[in-house]
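J.: Below is one structure. I have some questions about it.
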Amino acid sequence: MSIENLARENVRRLTPYQSARRLGGNGDVWLNANEFPQAPEYSLTLHTLNRYPECQPAQVIARYAAYAGVTPEQVLVSRGADEGIELLIRAFCEPGKDAILFCPPTYGMYAVSAETFGVERRIAQSTADWQLDVASIERQLDNVKLIYICSPNNPTGNLVNQDDLRRVLALARGRAVVAIDEAYIEFCPQASTVNWLADYPHLVILRTLSKAFALAGLRCGFTLANADVIQLLLKVIAPYPLSLPVADIAAQALSDAGIAQMRRNVAEVRENRRWLEEALNNLDGVDTVFASESNYLLVRFADSATVFKTLWDQGIILRDQNKQPGLAGCLRITIGNRYECERVITALQALSATTA
Ligand SMILES: *Cc1c(COP(=O)(O)O)cnc(C)c1O
């Protein structure tokens, strides 16, 4: 008997998440994972590596709570927001019985995490303008324990209407948890639903240090929810989810100086996004540059396969979104620094010159 056959059936069938890192590429301009272009500099201040770390490092929790405007009891810290996505499934979904629901085109990890645990996935395809199809969500709610909604949505970049979010929260009350993925909320902080926690016991908000805080390599994310939800998640989290160096650097990133730096990062990204959007709109071969509230632009090209391959061969790595429902011809471009944005435009100009 092969080892393969020993594995759980849903694991044998599983297609792992195609992360930007797994997809590879030989680039010098990495615009495929929505990372910040510049590495922040931190040094370690905690040195007791002989000791196990705190499960929920108190200073990190206190600082994130103050930053987000919630109480420490409403915060869970984990190994990236991705671990938060998974903990919710582990705490709320019975394999073979319960389901999660999400709204493509959207972030791929909701589906992958559910699949790993053998939990059914339901799909409520977004409308043509990438808003929630609330009627479709309502029709499919039987046995759904968890609804994931990403806003600003990855990869489309738009915000989900707050009235629709409230309607879904009303439908789900007493039946399902609604997890709003705010991984990119620092780029449009006014759109956060964090102030709604008092109104909805079943609202969960996912956050991360990977994007605006420029710390994707740190692996640190947050789940915000009412205290009894956090208590349930603490039952299923690993005993030591964050290493001591991670807690050390996360606390520094959430100091006043760290938050001020994050805000400068956001201002730089927004300025470069404006520049890239305008330059793309002036190019032949670009069908649509979709408005974005985030640190990437979704762009529909007349010939996205040629664009992707040509830039790839020049070391400019973008993210192909062709396979997502409704996104034929679309590539997602992370907002890099100005030089990286210029490299994209120069490469696209050369391409349209050769094909004109
Ligand atoms: C990047 C991203 C995450 C994952 O964040 P990590 O903290 O790096 O795990 C979660 N949700 C969305 C929508 C993302 O784009």
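Letters for chains follow the order of the structure tokens (A, B, ...), residue numbers begin at 1 for each chain, and ligand numbers begin at 1 in the order shown.
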Using only C-alpha atoms and all ligand atoms, find each residue in chain A having at least one atom no more than 10 Å away from ligand 1; report its shortest atom-to-atom pair and that distance in Å (one decimal), rows by chain then rising number, as JSON lines.
T.:
```
{"residue": "A:Ser19", "atom": "CA", "partner": "ligand 1", "partner_atom_place_in_ligand_line": "1 (C)", "distance": 9.9}
{"residue": "A:Ala33", "atom": "CA", "partner": "ligand 1", "partner_atom_place_in_ligand_line": "1 (C)", "distance": 7.5}
{"residue": "A:Asn34", "atom": "CA", "partner": "ligand 1", "partner_atom_place_in_ligand_line": "1 (C)", "distance": 7.1}
{"residue": "A:Glu35", "atom": "CA", "partner": "ligand 1", "partner_atom_place_in_ligand_line": "1 (C)", "distance": 8.3}
{"residue": "A:Ser78", "atom": "CA", "partner": "ligand 1", "partner_atom_place_in_ligand_line": "7 (O)", "distance": 8.3}
{"residue": "A:Arg79", "atom": "CA", "partner": "ligand 1", "partner_atom_place_in_ligand_line": "9 (O)", "distance": 6.8}
{"residue": "A:Gly80", "atom": "CA", "partner": "ligand 1", "partner_atom_place_in_ligand_line": "7 (O)", "distance": 3.2}
{"residue": "A:Ala81", "atom": "CA", "partner": "ligand 1", "partner_atom_place_in_ligand_line": "7 (O)", "distance": 3.7}
{"residue": "A:Asp82", "atom": "CA", "partner": "ligand 1", "partner_atom_place_in_ligand_line": "9 (O)", "distance": 3.8}
{"residue": "A:Glu83", "atom": "CA", "partner": "ligand 1", "partner_atom_place_in_ligand_line": "9 (O)", "distance": 6.5}
{"residue": "A:Gly84", "atom": "CA", "partner": "ligand 1", "partner_atom_place_in_ligand_line": "9 (O)", "distance": 8.0}
{"residue": "A:Ile85", "atom": "CA", "partner": "ligand 1", "partner_atom_place_in_ligand_line": "10 (C)", "distance": 7.8}
{"residue": "A:Thr106", "atom": "CA", "partner": "ligand 1", "partner_atom_place_in_ligand_line": "13 (C)", "distance": 7.5}
{"residue": "A:Tyr107", "atom": "CA", "partner": "ligand 1", "partner_atom_place_in_ligand_line": "13 (C)", "distance": 5.2}
{"residue": "A:Gly108", "atom": "CA", "partner": "ligand 1", "partner_atom_place_in_ligand_line": "13 (C)", "distance": 8.3}
{"residue": "A:Met109", "atom": "CA", "partner": "ligand 1", "partner_atom_place_in_ligand_line": "11 (N)", "distance": 7.6}
{"residue": "A:Tyr110", "atom": "CA", "partner": "ligand 1", "partner_atom_place_in_ligand_line": "11 (N)", "distance": 8.8}
{"residue": "A:Tyr148", "atom": "CA", "partner": "ligand 1", "partner_atom_place_in_ligand_line": "13 (C)", "distance": 9.9}
{"residue": "A:Ile149", "atom": "CA", "partner": "ligand 1", "partner_atom_place_in_ligand_line": "13 (C)", "distance": 9.0}
{"residue": "A:Cys150", "atom": "CA", "partner": "ligand 1", "partner_atom_place_in_ligand_line": "13 (C)", "distance": 5.9}
{"residue": "A:Ser151", "atom": "CA", "partner": "ligand 1", "partner_atom_place_in_ligand_line": "13 (C)", "distance": 7.8}
{"residue": "A:Pro152", "atom": "CA", "partner": "ligand 1", "partner_atom_place_in_ligand_line": "13 (C)", "distance": 7.9}
{"residue": "A:Asn153", "atom": "CA", "partner": "ligand 1", "partner_atom_place_in_ligand_line": "13 (C)", "distance": 6.5}
{"residue": "A:Asn154", "atom": "CA", "partner": "ligand 1", "partner_atom_place_in_ligand_line": "13 (C)", "distance": 5.2}
{"residue": "A:Pro155", "atom": "CA", "partner": "ligand 1", "partner_atom_place_in_ligand_line": "15 (O)", "distance": 7.8}
{"residue": "A:Gly157", "atom": "CA", "partner": "ligand 1", "partner_atom_place_in_ligand_line": "13 (C)", "distance": 9.9}
{"residue": "A:Ile180", "atom": "CA", "partner": "ligand 1", "partner_atom_place_in_ligand_line": "13 (C)", "distance": 9.4}
{"residue": "A:Asp181", "atom": "CA", "partner": "ligand 1", "partner_atom_place_in_ligand_line": "11 (N)", "distance": 5.8}
{"residue": "A:Glu182", "atom": "CA", "partner": "ligand 1", "partner_atom_place_in_ligand_line": "13 (C)", "distance": 7.0}
{"residue": "A:Ala183", "atom": "CA", "partner": "ligand 1", "partner_atom_place_in_ligand_line": "12 (C)", "distance": 5.0}
{"residue": "A:Tyr184", "atom": "CA", "partner": "ligand 1", "partner_atom_place_in_ligand_line": "15 (O)", "distance": 7.1}
{"residue": "A:Ile185", "atom": "CA", "partner": "ligand 1", "partner_atom_place_in_ligand_line": "13 (C)", "distance": 10.0}
{"residue": "A:Leu206", "atom": "CA", "partner": "ligand 1", "partner_atom_place_in_ligand_line": "10 (C)", "distance": 7.4}
{"residue": "A:Arg207", "atom": "CA", "partner": "ligand 1", "partner_atom_place_in_ligand_line": "7 (O)", "distance": 7.0}
{"residue": "A:Thr208", "atom": "CA", "partner": "ligand 1", "partner_atom_place_in_ligand_line": "7 (O)", "distance": 4.3}
{"residue": "A:Leu209", "atom": "CA", "partner": "ligand 1", "partner_atom_place_in_ligand_line": "7 (O)", "distance": 6.1}
{"residue": "A:Ser210", "atom": "CA", "partner": "ligand 1", "partner_atom_place_in_ligand_line": "8 (O)", "distance": 4.8}
{"residue": "A:Lys211", "atom": "CA", "partner": "ligand 1", "partner_atom_place_in_ligand_line": "1 (C)", "distance": 6.7}
{"residue": "A:Leu215", "atom": "CA", "partner": "ligand 1", "partner_atom_place_in_ligand_line": "8 (O)", "distance": 8.3}
{"residue": "A:Ala216", "atom": "CA", "partner": "ligand 1", "partner_atom_place_in_ligand_line": "8 (O)", "distance": 5.4}
{"residue": "A:Gly217", "atom": "CA", "partner": "ligand 1", "partner_atom_place_in_ligand_line": "8 (O)", "distance": 7.9}
{"residue": "A:Leu218", "atom": "CA", "partner": "ligand 1", "partner_atom_place_in_ligand_line": "8 (O)", "distance": 8.3}
{"residue": "A:Arg219", "atom": "CA", "partner": "ligand 1", "partner_atom_place_in_ligand_line": "8 (O)", "distance": 5.8}
{"residue": "A:Cys220", "atom": "CA", "partner": "ligand 1", "partner_atom_place_in_ligand_line": "7 (O)", "distance": 5.5}
{"residue": "A:Gly221", "atom": "CA", "partner": "ligand 1", "partner_atom_place_in_ligand_line": "7 (O)", "distance": 4.6}
{"residue": "A:Phe222", "atom": "CA", "partner": "ligand 1", "partner_atom_place_in_ligand_line": "7 (O)", "distance": 7.8}
{"residue": "A:Ser294", "atom": "CA", "partner": "ligand 1", "partner_atom_place_in_ligand_line": "15 (O)", "distance": 9.8}
{"residue": "A:Asn295", "atom": "CA", "partner": "ligand 1", "partner_atom_place_in_ligand_line": "15 (O)", "distance": 9.9}
```
J.: Write out as a ChimeraX atom specification the set of residues from region 17-211 of chain A that DSSP, computed on the backbone, places in strand (DSSP E or B).
T.: /A:29-30,75-78,99-102,120-123,144-150,177-181,203-208
J.: Might you pull out every residue within 12 Å of region 274-276 of chain A, with only C-alpha atoms counted and same-chain residues fewer than 5 positions away left off, and present them as a ChimeraX atom specification?
T.: /A:267-269,281-283,289-299,333-346,348
J.: Thr193 (chain A): which residues within 12 Å, counting only C-alpha atoms, same-chain residues fewer than 2 positions away excluded, as a ChimeraX atom specification?
T.: /A:68-70,149-152,159-163,165-166,169,178-182,185,188-191,195-200,203-207,224-225
J.: Skipping near chain neighbours, those fewer than 2 positions away, what residues fall within 12 Å of Arg122 (chain A) using only C-alpha atoms, listed as a PyMOL selection string?
T.: chain A and resi 98-104+110-111+114-115+119-120+124-125+136-148
J.: Could you pull out the residues in region 45-87 of chain A that DSSP calls helix (DSSP H, G or I) from the backbone, as a list in words?
T.: Ala58, Gln59, Val60, Ile61, Ala62, Arg63, Tyr64, Ala65, Ala66, Tyr67, Ala68, Pro72, Glu73, Gln74, Gly80, Ala81, Asp82, Glu83, Gly84, Ile85, Glu86 and Leu87 of chain A
J.: For CA of Gln314 (chain A) and CA of Trp30 (chain A), quote the distance in Å rounded to one decimal.
T.: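 We find that CA of Gln314 (chain A) and CA of Trp30 (chain A) lie 11.3 Å from each other.
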J.: So which residues touch Leu87 (chain A) within 7 Å, counting only C-alpha atoms, skipping near sequence neighbours fewer than 3 positions away, as a list of chain:residue names?
T.: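 Result of the neighbour search: A:Glu83, A:Gly84, A:Arg90, A:Ala91, A:Leu233, A:Val236, A:Ile237.
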J.: Those residues with N, CA and C atoms, as a compact mmCIF listing (two decimals), in the first residue's frame please?
T.:
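Full text of again_17.txt as output:
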```txt
# COMPACT_ATOMS: atom_id res chain seq x y z
N GLU A 83 -3.72 31.83 9.75
CA GLU A 83 -4.03 30.93 10.87
C GLU A 83 -5.38 31.29 11.48
N GLY A 84 -5.73 32.59 11.50
CA GLY A 84 -7.04 33.00 11.99
C GLY A 84 -8.17 32.39 11.14
N ARG A 90 -11.79 25.42 12.49
CA ARG A 90 -11.59 24.39 13.52
C ARG A 90 -12.55 24.57 14.69
N ALA A 91 -12.84 25.82 15.03
CA ALA A 91 -13.71 26.06 16.19
C ALA A 91 -15.19 25.94 15.85
N LEU A 233 -11.65 30.39 20.23
CA LEU A 233 -10.49 30.24 19.36
C LEU A 233 -9.25 29.86 20.17
N VAL A 236 -8.57 26.15 20.55
CA VAL A 236 -8.04 25.33 19.44
C VAL A 236 -6.69 25.80 18.92
N ILE A 237 -6.20 26.95 19.40
CA ILE A 237 -4.91 27.44 18.91
C ILE A 237 -3.77 26.61 19.50
```
J.: Calculate how many Å separate CA of Gly285 (chain A) from CA of Thr306 (chain A), rounding to one decimal.
T.: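 Computing the Euclidean distance for CA of Gly285 (chain A) and CA of Thr306 (chain A) yields 10.6 Å.
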J.: Region 249-263 of chain A: which residues within 7 Å, counting only C-alpha atoms, same-chain residues fewer than 6 positions away excluded, as JSON, numbers by chain?
T.: {"A": [42, 44, 59, 60, 63, 64, 212, 213]}
J.: Could you please take those selected residues and save N, CA and C atoms as a PDB file, in the first residue's frame?
T.:
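Once written, selection-v9.pdb looks like this:
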```
ATOM      1  N   TYR A  42      14.418  46.082  12.157  1.00  0.00           N
ATOM      2  CA  TYR A  42      14.145  45.864  13.573  1.00  0.00           C
ATOM      3  C   TYR A  42      15.303  45.081  14.162  1.00  0.00           C
ATOM      4  N   LEU A  44      16.303  42.563  17.668  1.00  0.00           N
ATOM      5  CA  LEU A  44      15.675  41.834  18.765  1.00  0.00           C
ATOM      6  C   LEU A  44      16.037  42.486  20.091  1.00  0.00           C
ATOM      7  N   GLN A  59       2.004  42.302  25.624  1.00  0.00           N
ATOM      8  CA  GLN A  59       2.260  43.631  25.070  1.00  0.00           C
ATOM      9  C   GLN A  59       1.743  43.760  23.634  1.00  0.00           C
ATOM     10  N   VAL A  60       1.892  42.679  22.864  1.00  0.00           N
ATOM     11  CA  VAL A  60       1.385  42.687  21.489  1.00  0.00           C
ATOM     12  C   VAL A  60      -0.140  42.851  21.499  1.00  0.00           C
ATOM     13  N   ARG A  63      -1.099  46.415  22.653  1.00  0.00           N
ATOM     14  CA  ARG A  63      -0.837  47.447  21.638  1.00  0.00           C
ATOM     15  C   ARG A  63      -1.782  47.311  20.450  1.00  0.00           C
ATOM     16  N   TYR A  64      -2.091  46.066  20.037  1.00  0.00           N
ATOM     17  CA  TYR A  64      -3.006  45.937  18.905  1.00  0.00           C
ATOM     18  C   TYR A  64      -4.410  46.407  19.287  1.00  0.00           C
ATOM     19  N   ALA A 212       0.236  46.517   5.041  1.00  0.00           N
ATOM     20  CA  ALA A 212       0.658  47.899   5.277  1.00  0.00           C
ATOM     21  C   ALA A 212       1.810  48.005   6.277  1.00  0.00           C
ATOM     22  N   PHE A 213       1.905  47.072   7.215  1.00  0.00           N
ATOM     23  CA  PHE A 213       2.998  47.105   8.193  1.00  0.00           C
ATOM     24  C   PHE A 213       4.300  46.533   7.623  1.00  0.00           C
TER      25      PHE A 213
END
```
J.: Which residue, A:Pro16, A:Gly118, A:Pro37, A:Pro201, has the smallest gap to Gln74 (chain A) when you use only C-alpha atoms?
T.: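 So, comparing all the options, the nearest one is A:Pro201.
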J.: Please report the interatomic distance between CA of Arg270 (chain A) and CA of Trp312 (chain A) in Å with one decimal.
T.: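 Distance between the two atoms: 24.6 Å.
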